[in-house]
Protein chains: 4
Amino acid sequence: MNDPHPDPMRPGELSQLADAVRAFSEERDWAKFHDPKSLALAVVSEAGQLAELFRWIPADEAAAAFSHGERNLRAGEEIADVLIFLVRLADVLEIDLPHAVNTNFATTSARFPPSRVQGKAPNSA
Amino acid sequence: MNDPHPDPMRPGELSQLADAVRAFSEERDWAKFHDPKSLALAVVSEAGQLAELFRWIPADEAAAAFSHGERNLRAGEEIADVLIFLVRLADVLEIDLPHAVNTNFATTSARFPPSRVQGKAPNSA
Amino acid sequence: MNDPHPDPMRPGELSQLADAVRAFSEERDWAKFHDPKSLALAVVSEAGQLAELFRWIPADEAAAAFSHGERNLRAGEEIADVLIFLVRLADVLEIDLPHAVNTNFATTSARFPPSRVQGKAPNSA
Amino acid sequence: MNDPHPDPMRPGELSQLADAVRAFSEERDWAKFHDPKSLALAVVSEAGQLAELFRWIPADEAAAAFSHGERNLRAGEEIADVLIFLVRLADVLEIDLPHAVNTNFATTSARFPPSRVQGKAPNSA
């Protein structure tokens with residue numbers, strides 16, 4: 001039988017980014033700032049800047065407004081900021097990110113069978 | 001001259017995850033929920049759950065407390081949740097995530113030369 | 001001339017809440033957990049739970065869906081959670097919240113004259 | 001018997017602020033931007049800016065560093081920003097904020113009896 005959902009993250013994916021951010025931090029003697037609470041604050045503050053981009057755009061115009069040009073670049077910068085701190089936090093906590101994502105994905109896929117949740121928001125009553 | 005900082009993300013990295021999340025969404029007819037504002041709310045709500053794990057742990061105990069066992073697993077789950085919605089948002093906005101991260105990393109590296117910022121927090125006065 | 005915008009917060013407003021949360025914390029010996037970084041993590045984690053309520057609701061249905069019944073109660077609980085930690089953080093930092101809000105409100109009113117920003121989102125290009 | 005915990009918020013508290021923010025919004029024709037999802041994004045983006053202030057400050061230095069001077073003012077501005085959007089969201093959802101806070105406070109007080117939780121973080125195992 002073919003597995004319809006192979007692991008979505010390959011082993012070692014993002015490890016080069018984790019290495020680069022670790023080296024970046026150590027070259028600047030910034031590793032001392034990177035305890036988990038500080039990095040969690042960094043993740044949420046960057047996520048807040050991402051949220052800020054969209055807040056006053058009508059919901060049905062946002063995909064078109066941000067799919068090209070200057071706004072697309074800005075969204076890419078903010079998403080990259082969140083990703084970099086997220087990868088740094090996982091690295092500090094010695095989390096195997098591909099393993100965590102693959103486990104999460106398999107669990108979520110099993111928890112929400114397509115036939116049961118078809119077209120219904122996951123947390124709707 | 002050797003470049004001391006090669007691109008930290010390889011072309012195509014995370015694209016398999018983006019494909020998997022897109023397929024997951026389409027199989028459940030959930031793509032209709034995934035406009036940018038909704039996905040930004042999902043990113044921040046998952047980032048908030050990540051923040052919640054650490055809030056009452058003393059800052060100097062957090063790395064040790066979360067580097068193994070049940071707490072490490074929980075942190076991995078929350079980080080994975082943020083990452084999955086982040087990748088989904090980038091996909092919906094047609095953002096080339098490795099390109100955005102590599103550009104961001106190069107800009108930040110140039111902006112903070114090690115000799116100038118050594119040991120000082122980036123936003124300190 | 002009458003001032004069209006008297007101070008929106010009265011002196012001492014929310015001070016009874018700050019007192020109650022401080023007493024609540026001290027009775028449980030929880031004040032030791034309430035350093036600013038921990039409280040900031042609490043604010044964002046509660047804000048994330050608030051965001052979670054709305055994420056999959058179509059934008060143009062959210063006001064009606066949350067203006068009554070069980071969803072209205074849930075939104076009230078989450079807003080109260082954010083407010084309580086926000087007031088606690090202000091108290092720990094010895095911030096005069098009515099003064100901060102009144103100053104903020106006056107500054108923002110002056111910065112965005114109605115005639116200039118009429119109907120345009122504040123951060124639109 | 002004296003009730004040791006009278007309601008921490010008085011009826012009508014913050015209603016003047018809600019009125020002022022509503023008037024501010026209507027004068028600028030900005031009420032159309034204030035659907036619940038947009039306001040939730042505003043709350044989290046302001047909460048993220050608050051988190052940003054503290055992220056690289058050592059946890060045990062943050063209270064002193066932010067209890068006076070320029071940093072105290074900045075923290076007050078960010079807390080005020082969160083509070084204003086929180087009050088606006090409650091107003092749009094027709095939530096009675098003092099009632100929601102008082103109910104929340106009574107429930108939490110009953111849920112965590114001082115004798116049982118003395119000195120222990122609420123979510124610790």
# chains A, B, ... in the order shown; residues from 1 in each chain; ligands from 1
call {"tool": "calpha_fit_and_write", "arguments": {"fixed": "chain A", "moving": "chain C", "output": "short mmCIF file (atom, residue, chain, number, x, y, z; two decimals) with N, CA and C atoms, in the first residue's frame"}}
result
data_model
loop_
_atom_site.label_atom_id
_atom_site.label_comp_id
_atom_site.auth_asym_id
_atom_site.auth_seq_id
_atom_site.Cartn_x
_atom_site.Cartn_y
_atom_site.Cartn_z
N MET C 1 0.40 -1.10 -0.20
CA MET C 1 -0.33 0.18 -0.28
C MET C 1 0.65 1.34 -0.14
N ASN C 2 0.48 2.30 -0.97
CA ASN C 2 1.32 3.49 -0.83
C ASN C 2 0.81 4.35 0.31
N ASP C 3 1.72 4.89 1.07
CA ASP C 3 1.33 5.82 2.12
C ASP C 3 1.00 7.15 1.45
N PRO C 4 -0.23 7.65 1.62
CA PRO C 4 -0.58 8.89 0.92
C PRO C 4 0.09 10.12 1.54
N HIS C 5 0.60 9.98 2.75
CA HIS C 5 1.24 11.13 3.40
C HIS C 5 2.64 10.78 3.89
N PRO C 6 3.61 10.84 3.01
CA PRO C 6 4.98 10.64 3.49
C PRO C 6 5.33 11.81 4.41
N ASP C 7 6.37 11.63 5.20
CA ASP C 7 6.77 12.71 6.11
C ASP C 7 6.98 14.02 5.36
N PRO C 8 6.32 15.08 5.79
CA PRO C 8 6.47 16.35 5.05
C PRO C 8 7.81 17.05 5.26
N MET C 9 8.51 16.76 6.35
CA MET C 9 9.84 17.35 6.52
C MET C 9 10.90 16.26 6.45
N ARG C 10 11.93 16.52 5.69
CA ARG C 10 13.04 15.57 5.55
C ARG C 10 13.97 15.69 6.75
N PRO C 11 14.60 14.60 7.16
CA PRO C 11 15.56 14.68 8.27
C PRO C 11 16.61 15.76 7.98
N GLY C 12 16.90 16.56 8.97
CA GLY C 12 17.95 17.57 8.79
C GLY C 12 17.48 18.87 8.18
N GLU C 13 16.23 18.90 7.73
CA GLU C 13 15.76 20.15 7.14
C GLU C 13 15.79 21.26 8.19
N LEU C 14 16.19 22.43 7.79
CA LEU C 14 16.34 23.62 8.65
C LEU C 14 17.56 23.53 9.59
N SER C 15 18.31 22.42 9.53
CA SER C 15 19.47 22.33 10.44
C SER C 15 20.57 23.31 10.02
N GLN C 16 20.68 23.56 8.72
CA GLN C 16 21.67 24.53 8.25
C GLN C 16 21.29 25.93 8.74
N LEU C 17 20.00 26.23 8.76
CA LEU C 17 19.55 27.52 9.29
C LEU C 17 19.83 27.61 10.78
N ALA C 18 19.53 26.53 11.52
CA ALA C 18 19.82 26.53 12.96
C ALA C 18 21.31 26.76 13.21
N ASP C 19 22.16 26.10 12.40
CA ASP C 19 23.61 26.29 12.55
C ASP C 19 24.00 27.74 12.27
N ALA C 20 23.42 28.30 11.23
CA ALA C 20 23.78 29.68 10.85
C ALA C 20 23.35 30.67 11.92
N VAL C 21 22.17 30.48 12.49
CA VAL C 21 21.68 31.41 13.52
C VAL C 21 22.50 31.25 14.80
N ARG C 22 22.87 30.00 15.11
CA ARG C 22 23.73 29.78 16.28
C ARG C 22 25.09 30.46 16.08
N ALA C 23 25.69 30.30 14.91
CA ALA C 23 26.98 30.94 14.64
C ALA C 23 26.85 32.47 14.69
N PHE C 24 25.79 32.98 14.07
CA PHE C 24 25.51 34.42 14.09
C PHE C 24 25.46 34.93 15.54
N SER C 25 24.77 34.17 16.39
CA SER C 25 24.59 34.58 17.79
C SER C 25 25.93 34.53 18.54
N GLU C 26 26.69 33.48 18.29
CA GLU C 26 27.95 33.33 19.02
C GLU C 26 28.98 34.36 18.58
N GLU C 27 29.01 34.68 17.30
CA GLU C 27 29.96 35.70 16.80
C GLU C 27 29.72 37.06 17.47
N ARG C 28 28.50 37.30 17.87
CA ARG C 28 28.14 38.59 18.48
C ARG C 28 28.03 38.52 20.02
N ASP C 29 28.33 37.36 20.56
CA ASP C 29 28.15 37.13 22.00
C ASP C 29 26.69 37.43 22.41
N TRP C 30 25.78 37.00 21.54
CA TRP C 30 24.36 37.21 21.81
C TRP C 30 23.69 35.93 22.33
N ALA C 31 24.43 34.82 22.36
CA ALA C 31 23.80 33.56 22.82
C ALA C 31 23.30 33.71 24.25
N LYS C 32 23.96 34.56 25.01
CA LYS C 32 23.55 34.77 26.41
C LYS C 32 22.14 35.38 26.53
N PHE C 33 21.68 36.03 25.46
CA PHE C 33 20.32 36.60 25.48
C PHE C 33 19.26 35.56 25.13
N HIS C 34 19.70 34.41 24.60
CA HIS C 34 18.76 33.48 23.98
C HIS C 34 18.27 32.36 24.89
N ASP C 35 17.83 32.71 26.08
CA ASP C 35 17.13 31.74 26.92
C ASP C 35 15.71 31.57 26.37
N PRO C 36 15.03 30.48 26.71
CA PRO C 36 13.72 30.20 26.09
C PRO C 36 12.67 31.31 26.28
N LYS C 37 12.62 31.93 27.46
CA LYS C 37 11.59 32.97 27.66
C LYS C 37 11.86 34.17 26.75
N SER C 38 13.11 34.55 26.63
CA SER C 38 13.45 35.68 25.76
C SER C 38 13.14 35.34 24.31
N LEU C 39 13.47 34.12 23.89
CA LEU C 39 13.19 33.72 22.51
C LEU C 39 11.69 33.60 22.25
N ALA C 40 10.93 33.15 23.25
CA ALA C 40 9.47 33.10 23.10
C ALA C 40 8.92 34.53 22.94
N LEU C 41 9.46 35.48 23.71
CA LEU C 41 9.05 36.87 23.55
C LEU C 41 9.42 37.38 22.15
N ALA C 42 10.57 36.95 21.63
CA ALA C 42 10.97 37.36 20.28
C ALA C 42 10.03 36.76 19.23
N VAL C 43 9.67 35.50 19.38
CA VAL C 43 8.74 34.87 18.43
C VAL C 43 7.42 35.63 18.41
N VAL C 44 6.86 35.92 19.59
CA VAL C 44 5.55 36.59 19.61
C VAL C 44 5.65 38.04 19.16
N SER C 45 6.77 38.69 19.41
CA SER C 45 6.85 40.08 18.95
C SER C 45 6.97 40.12 17.42
N GLU C 46 7.70 39.17 16.84
CA GLU C 46 7.77 39.12 15.37
C GLU C 46 6.42 38.67 14.79
N ALA C 47 5.76 37.73 15.44
CA ALA C 47 4.42 37.32 14.99
C ALA C 47 3.45 38.50 15.05
N GLY C 48 3.61 39.34 16.07
CA GLY C 48 2.79 40.54 16.18
C GLY C 48 3.03 41.51 15.03
N GLN C 49 4.30 41.63 14.61
CA GLN C 49 4.59 42.50 13.47
C GLN C 49 4.00 41.96 12.18
N LEU C 50 3.98 40.65 12.07
CA LEU C 50 3.32 40.01 10.92
C LEU C 50 1.82 40.31 10.94
N ALA C 51 1.21 40.15 12.11
CA ALA C 51 -0.23 40.42 12.26
C ALA C 51 -0.56 41.87 11.93
N GLU C 52 0.36 42.76 12.29
CA GLU C 52 0.13 44.19 12.07
C GLU C 52 -0.05 44.52 10.58
N LEU C 53 0.68 43.81 9.73
CA LEU C 53 0.59 44.08 8.28
C LEU C 53 -0.83 43.93 7.76
N PHE C 54 -1.56 42.95 8.31
CA PHE C 54 -2.86 42.58 7.75
C PHE C 54 -4.05 43.24 8.43
N ARG C 55 -3.81 43.86 9.60
CA ARG C 55 -4.98 44.14 10.45
C ARG C 55 -6.07 44.99 9.82
N TRP C 56 -5.71 46.01 9.03
CA TRP C 56 -6.76 46.89 8.49
C TRP C 56 -7.11 46.59 7.03
N ILE C 57 -6.59 45.52 6.50
CA ILE C 57 -6.91 45.13 5.12
C ILE C 57 -8.19 44.28 5.14
N PRO C 58 -9.18 44.60 4.30
CA PRO C 58 -10.37 43.73 4.27
C PRO C 58 -9.96 42.28 4.00
N ALA C 59 -10.58 41.35 4.73
CA ALA C 59 -10.18 39.94 4.69
C ALA C 59 -10.16 39.38 3.27
N ASP C 60 -11.14 39.79 2.46
CA ASP C 60 -11.23 39.19 1.12
C ASP C 60 -10.31 39.88 0.11
N GLU C 61 -9.57 40.90 0.56
CA GLU C 61 -8.61 41.55 -0.33
C GLU C 61 -7.16 41.21 0.03
N ALA C 62 -6.97 40.57 1.19
CA ALA C 62 -5.61 40.42 1.71
C ALA C 62 -4.73 39.53 0.84
N ALA C 63 -5.27 38.41 0.36
CA ALA C 63 -4.42 37.50 -0.44
C ALA C 63 -3.91 38.23 -1.68
N ALA C 64 -4.79 38.94 -2.38
CA ALA C 64 -4.37 39.65 -3.59
C ALA C 64 -3.40 40.79 -3.25
N ALA C 65 -3.70 41.53 -2.17
CA ALA C 65 -2.88 42.69 -1.82
C ALA C 65 -1.45 42.30 -1.44
N PHE C 66 -1.29 41.10 -0.89
CA PHE C 66 0.03 40.70 -0.37
C PHE C 66 0.73 39.65 -1.24
N SER C 67 0.19 39.37 -2.42
CA SER C 67 0.78 38.30 -3.23
C SER C 67 1.84 38.82 -4.20
N HIS C 68 2.15 40.12 -4.14
CA HIS C 68 3.17 40.66 -5.06
C HIS C 68 3.65 42.01 -4.52
N GLY C 69 4.72 42.50 -5.12
CA GLY C 69 5.18 43.87 -4.84
C GLY C 69 5.72 44.07 -3.44
N GLU C 70 5.68 45.33 -3.03
CA GLU C 70 6.27 45.75 -1.76
C GLU C 70 5.65 45.02 -0.56
N ARG C 71 4.32 44.87 -0.59
CA ARG C 71 3.66 44.19 0.54
C ARG C 71 4.08 42.73 0.63
N ASN C 72 4.28 42.08 -0.51
CA ASN C 72 4.74 40.69 -0.50
C ASN C 72 6.13 40.60 0.13
N LEU C 73 6.99 41.55 -0.22
CA LEU C 73 8.33 41.58 0.37
C LEU C 73 8.26 41.77 1.88
N ARG C 74 7.42 42.71 2.33
CA ARG C 74 7.29 42.99 3.76
C ARG C 74 6.78 41.75 4.51
N ALA C 75 5.78 41.09 3.93
CA ALA C 75 5.25 39.87 4.57
C ALA C 75 6.35 38.81 4.63
N GLY C 76 7.14 38.68 3.58
CA GLY C 76 8.24 37.72 3.57
C GLY C 76 9.26 38.02 4.65
N GLU C 77 9.56 39.30 4.84
CA GLU C 77 10.52 39.69 5.90
C GLU C 77 10.00 39.30 7.28
N GLU C 78 8.73 39.57 7.52
CA GLU C 78 8.17 39.27 8.85
C GLU C 78 8.06 37.77 9.09
N ILE C 79 7.65 37.04 8.04
CA ILE C 79 7.58 35.58 8.18
C ILE C 79 8.99 35.02 8.44
N ALA C 80 9.98 35.55 7.75
CA ALA C 80 11.37 35.11 7.97
C ALA C 80 11.82 35.41 9.40
N ASP C 81 11.45 36.58 9.91
CA ASP C 81 11.82 36.92 11.30
C ASP C 81 11.25 35.90 12.29
N VAL C 82 9.97 35.57 12.11
CA VAL C 82 9.35 34.59 13.01
C VAL C 82 10.07 33.24 12.87
N LEU C 83 10.29 32.82 11.63
CA LEU C 83 10.92 31.51 11.38
C LEU C 83 12.30 31.42 12.01
N ILE C 84 13.08 32.49 11.89
CA ILE C 84 14.45 32.48 12.43
C ILE C 84 14.45 32.31 13.95
N PHE C 85 13.58 33.04 14.63
CA PHE C 85 13.54 32.91 16.10
C PHE C 85 12.94 31.56 16.52
N LEU C 86 12.02 31.06 15.71
CA LEU C 86 11.42 29.76 16.01
C LEU C 86 12.47 28.64 15.91
N VAL C 87 13.27 28.71 14.86
CA VAL C 87 14.33 27.72 14.66
C VAL C 87 15.39 27.87 15.75
N ARG C 88 15.65 29.10 16.15
CA ARG C 88 16.63 29.33 17.22
C ARG C 88 16.13 28.73 18.54
N LEU C 89 14.85 28.94 18.83
CA LEU C 89 14.27 28.39 20.06
C LEU C 89 14.33 26.86 20.05
N ALA C 90 13.95 26.26 18.93
CA ALA C 90 14.02 24.79 18.81
C ALA C 90 15.45 24.31 19.02
N ASP C 91 16.42 25.06 18.49
CA ASP C 91 17.82 24.67 18.63
C ASP C 91 18.26 24.74 20.10
N VAL C 92 17.90 25.82 20.77
CA VAL C 92 18.27 26.00 22.17
C VAL C 92 17.66 24.88 23.04
N LEU C 93 16.45 24.45 22.67
CA LEU C 93 15.78 23.40 23.44
C LEU C 93 16.12 21.99 22.95
N GLU C 94 17.04 21.91 21.98
CA GLU C 94 17.47 20.61 21.43
C GLU C 94 16.29 19.81 20.89
N ILE C 95 15.39 20.52 20.22
CA ILE C 95 14.23 19.87 19.60
C ILE C 95 14.58 19.49 18.17
N ASP C 96 14.24 18.27 17.79
CA ASP C 96 14.42 17.80 16.42
C ASP C 96 13.18 18.28 15.65
N LEU C 97 13.35 19.41 14.96
CA LEU C 97 12.19 20.08 14.35
C LEU C 97 11.50 19.21 13.29
N PRO C 98 12.24 18.58 12.36
CA PRO C 98 11.54 17.71 11.40
C PRO C 98 10.75 16.60 12.10
N HIS C 99 11.32 16.02 13.12
CA HIS C 99 10.60 14.96 13.84
C HIS C 99 9.33 15.53 14.50
N ALA C 100 9.45 16.69 15.15
CA ALA C 100 8.29 17.30 15.81
C ALA C 100 7.20 17.63 14.79
N VAL C 101 7.58 18.17 13.65
CA VAL C 101 6.58 18.53 12.63
C VAL C 101 5.94 17.28 12.03
N ASN C 102 6.75 16.27 11.75
CA ASN C 102 6.18 15.05 11.15
C ASN C 102 5.22 14.34 12.11
N THR C 103 5.57 14.30 13.37
CA THR C 103 4.69 13.70 14.37
C THR C 103 3.38 14.49 14.47
N ASN C 104 3.53 15.81 14.56
CA ASN C 104 2.37 16.70 14.64
C ASN C 104 1.45 16.49 13.43
N PHE C 105 2.07 16.43 12.25
CA PHE C 105 1.29 16.31 11.03
C PHE C 105 0.53 14.98 10.98
N ALA C 106 1.20 13.91 11.38
CA ALA C 106 0.55 12.59 11.39
C ALA C 106 -0.61 12.57 12.39
N THR C 107 -0.39 13.16 13.56
CA THR C 107 -1.43 13.17 14.60
C THR C 107 -2.64 13.98 14.14
N THR C 108 -2.38 15.15 13.59
CA THR C 108 -3.47 16.01 13.14
C THR C 108 -4.24 15.37 11.98
N SER C 109 -3.52 14.72 11.08
CA SER C 109 -4.19 14.05 9.95
C SER C 109 -5.13 12.96 10.46
N ALA C 110 -4.68 12.22 11.46
CA ALA C 110 -5.50 11.13 12.00
C ALA C 110 -6.69 11.68 12.80
N ARG C 111 -6.46 12.81 13.44
CA ARG C 111 -7.50 13.38 14.31
C ARG C 111 -8.66 13.98 13.52
N PHE C 112 -8.36 14.45 12.33
CA PHE C 112 -9.39 15.08 11.50
C PHE C 112 -9.55 14.31 10.19
N PRO C 113 -10.28 13.21 10.20
CA PRO C 113 -10.47 12.47 8.95
C PRO C 113 -11.26 13.34 7.95
N PRO C 114 -10.80 13.41 6.71
CA PRO C 114 -11.47 14.27 5.73
C PRO C 114 -12.97 14.07 5.67
N SER C 115 -13.42 12.84 5.73
CA SER C 115 -14.86 12.59 5.57
C SER C 115 -15.68 13.20 6.71
N ARG C 116 -15.09 13.32 7.89
CA ARG C 116 -15.84 13.82 9.02
C ARG C 116 -15.84 15.34 9.14
N VAL C 117 -14.74 15.97 8.72
CA VAL C 117 -14.59 17.41 8.94
C VAL C 117 -14.76 18.23 7.66
N GLN C 118 -15.10 17.55 6.58
CA GLN C 118 -15.23 18.19 5.27
C GLN C 118 -15.90 19.58 5.32
N GLY C 119 -15.10 20.58 5.03
CA GLY C 119 -15.63 21.94 4.91
C GLY C 119 -16.01 22.59 6.20
N LYS C 120 -15.79 21.92 7.33
CA LYS C 120 -16.15 22.51 8.62
C LYS C 120 -14.89 22.95 9.37
N ALA C 121 -14.93 24.14 9.94
CA ALA C 121 -13.77 24.64 10.67
C ALA C 121 -13.47 23.70 11.84
N PRO C 122 -12.19 23.44 12.12
CA PRO C 122 -11.81 22.46 13.15
C PRO C 122 -12.39 22.73 14.53
N ASN C 123 -12.51 24.01 14.91
CA ASN C 123 -12.99 24.27 16.28
C ASN C 123 -14.44 24.73 16.33
N SER C 124 -15.19 24.53 15.22
CA SER C 124 -16.60 24.97 15.25
C SER C 124 -17.42 23.98 16.07
N ALA C 125 -18.48 24.50 16.66
CA ALA C 125 -19.29 23.65 17.56
C ALA C 125 -20.08 22.59 16.77
#
call {"tool": "select_by_dssp", "arguments": {"residues": "segment 2-56 of chain B", "states": "helix (DSSP H, G or I)", "output": "PyMOL selection string"}}
result
chain B and resi 15-27+31-33+36-54
call {"tool": "write_last_selection", "arguments": {"atoms": "C-alpha atoms", "output": "JSON list (two decimals), in the first residue's frame"}}
result
[["chain", "number", "residue", "atom", "x", "y", "z"],
["B", 15, "SER", "CA", 8.45, 23.18, 0.01],
["B", 16, "GLN", "CA", 7.50, 19.58, 0.75],
["B", 17, "LEU", "CA", 5.89, 20.77, 4.00],
["B", 18, "ALA", "CA", 4.04, 23.53, 2.14],
["B", 19, "ASP", "CA", 2.79, 20.93, -0.37],
["B", 20, "ALA", "CA", 1.67, 18.61, 2.40],
["B", 21, "VAL", "CA", -0.21, 21.33, 4.31],
["B", 22, "ARG", "CA", -1.85, 22.50, 1.08],
["B", 23, "ALA", "CA", -2.95, 18.94, 0.27],
["B", 24, "PHE", "CA", -4.14, 18.44, 3.86],
["B", 25, "SER", "CA", -6.23, 21.62, 3.58],
["B", 26, "GLU", "CA", -7.70, 20.78, 0.20],
["B", 27, "GLU", "CA", -8.64, 17.22, 1.21],
["B", 31, "ALA", "CA", -8.45, 26.04, 2.05],
["B", 32, "LYS", "CA", -11.40, 28.42, 2.14],
["B", 33, "PHE", "CA", -10.54, 29.23, 5.77],
["B", 36, "PRO", "CA", -4.02, 35.72, 5.27],
["B", 37, "LYS", "CA", -5.83, 37.34, 8.21],
["B", 38, "SER", "CA", -7.13, 34.00, 9.46],
["B", 39, "LEU", "CA", -3.69, 32.42, 9.08],
["B", 40, "ALA", "CA", -2.06, 35.36, 10.87],
["B", 41, "LEU", "CA", -4.52, 34.83, 13.74],
["B", 42, "ALA", "CA", -3.58, 31.13, 13.70],
["B", 43, "VAL", "CA", 0.16, 31.94, 13.82],
["B", 44, "VAL", "CA", -0.28, 34.27, 16.80],
["B", 45, "SER", "CA", -2.62, 31.94, 18.66],
["B", 46, "GLU", "CA", -0.12, 29.07, 18.32],
["B", 47, "ALA", "CA", 2.73, 31.43, 19.27],
["B", 48, "GLY", "CA", 0.66, 32.36, 22.33],
["B", 49, "GLN", "CA", 0.37, 28.69, 23.29],
["B", 50, "LEU", "CA", 4.14, 28.40, 22.97],
["B", 51, "ALA", "CA", 4.58, 31.47, 25.21],
["B", 52, "GLU", "CA", 2.18, 29.97, 27.74],
["B", 53, "LEU", "CA", 4.50, 27.01, 28.35],
["B", 54, "PHE", "CA", 7.29, 29.22, 29.63]]
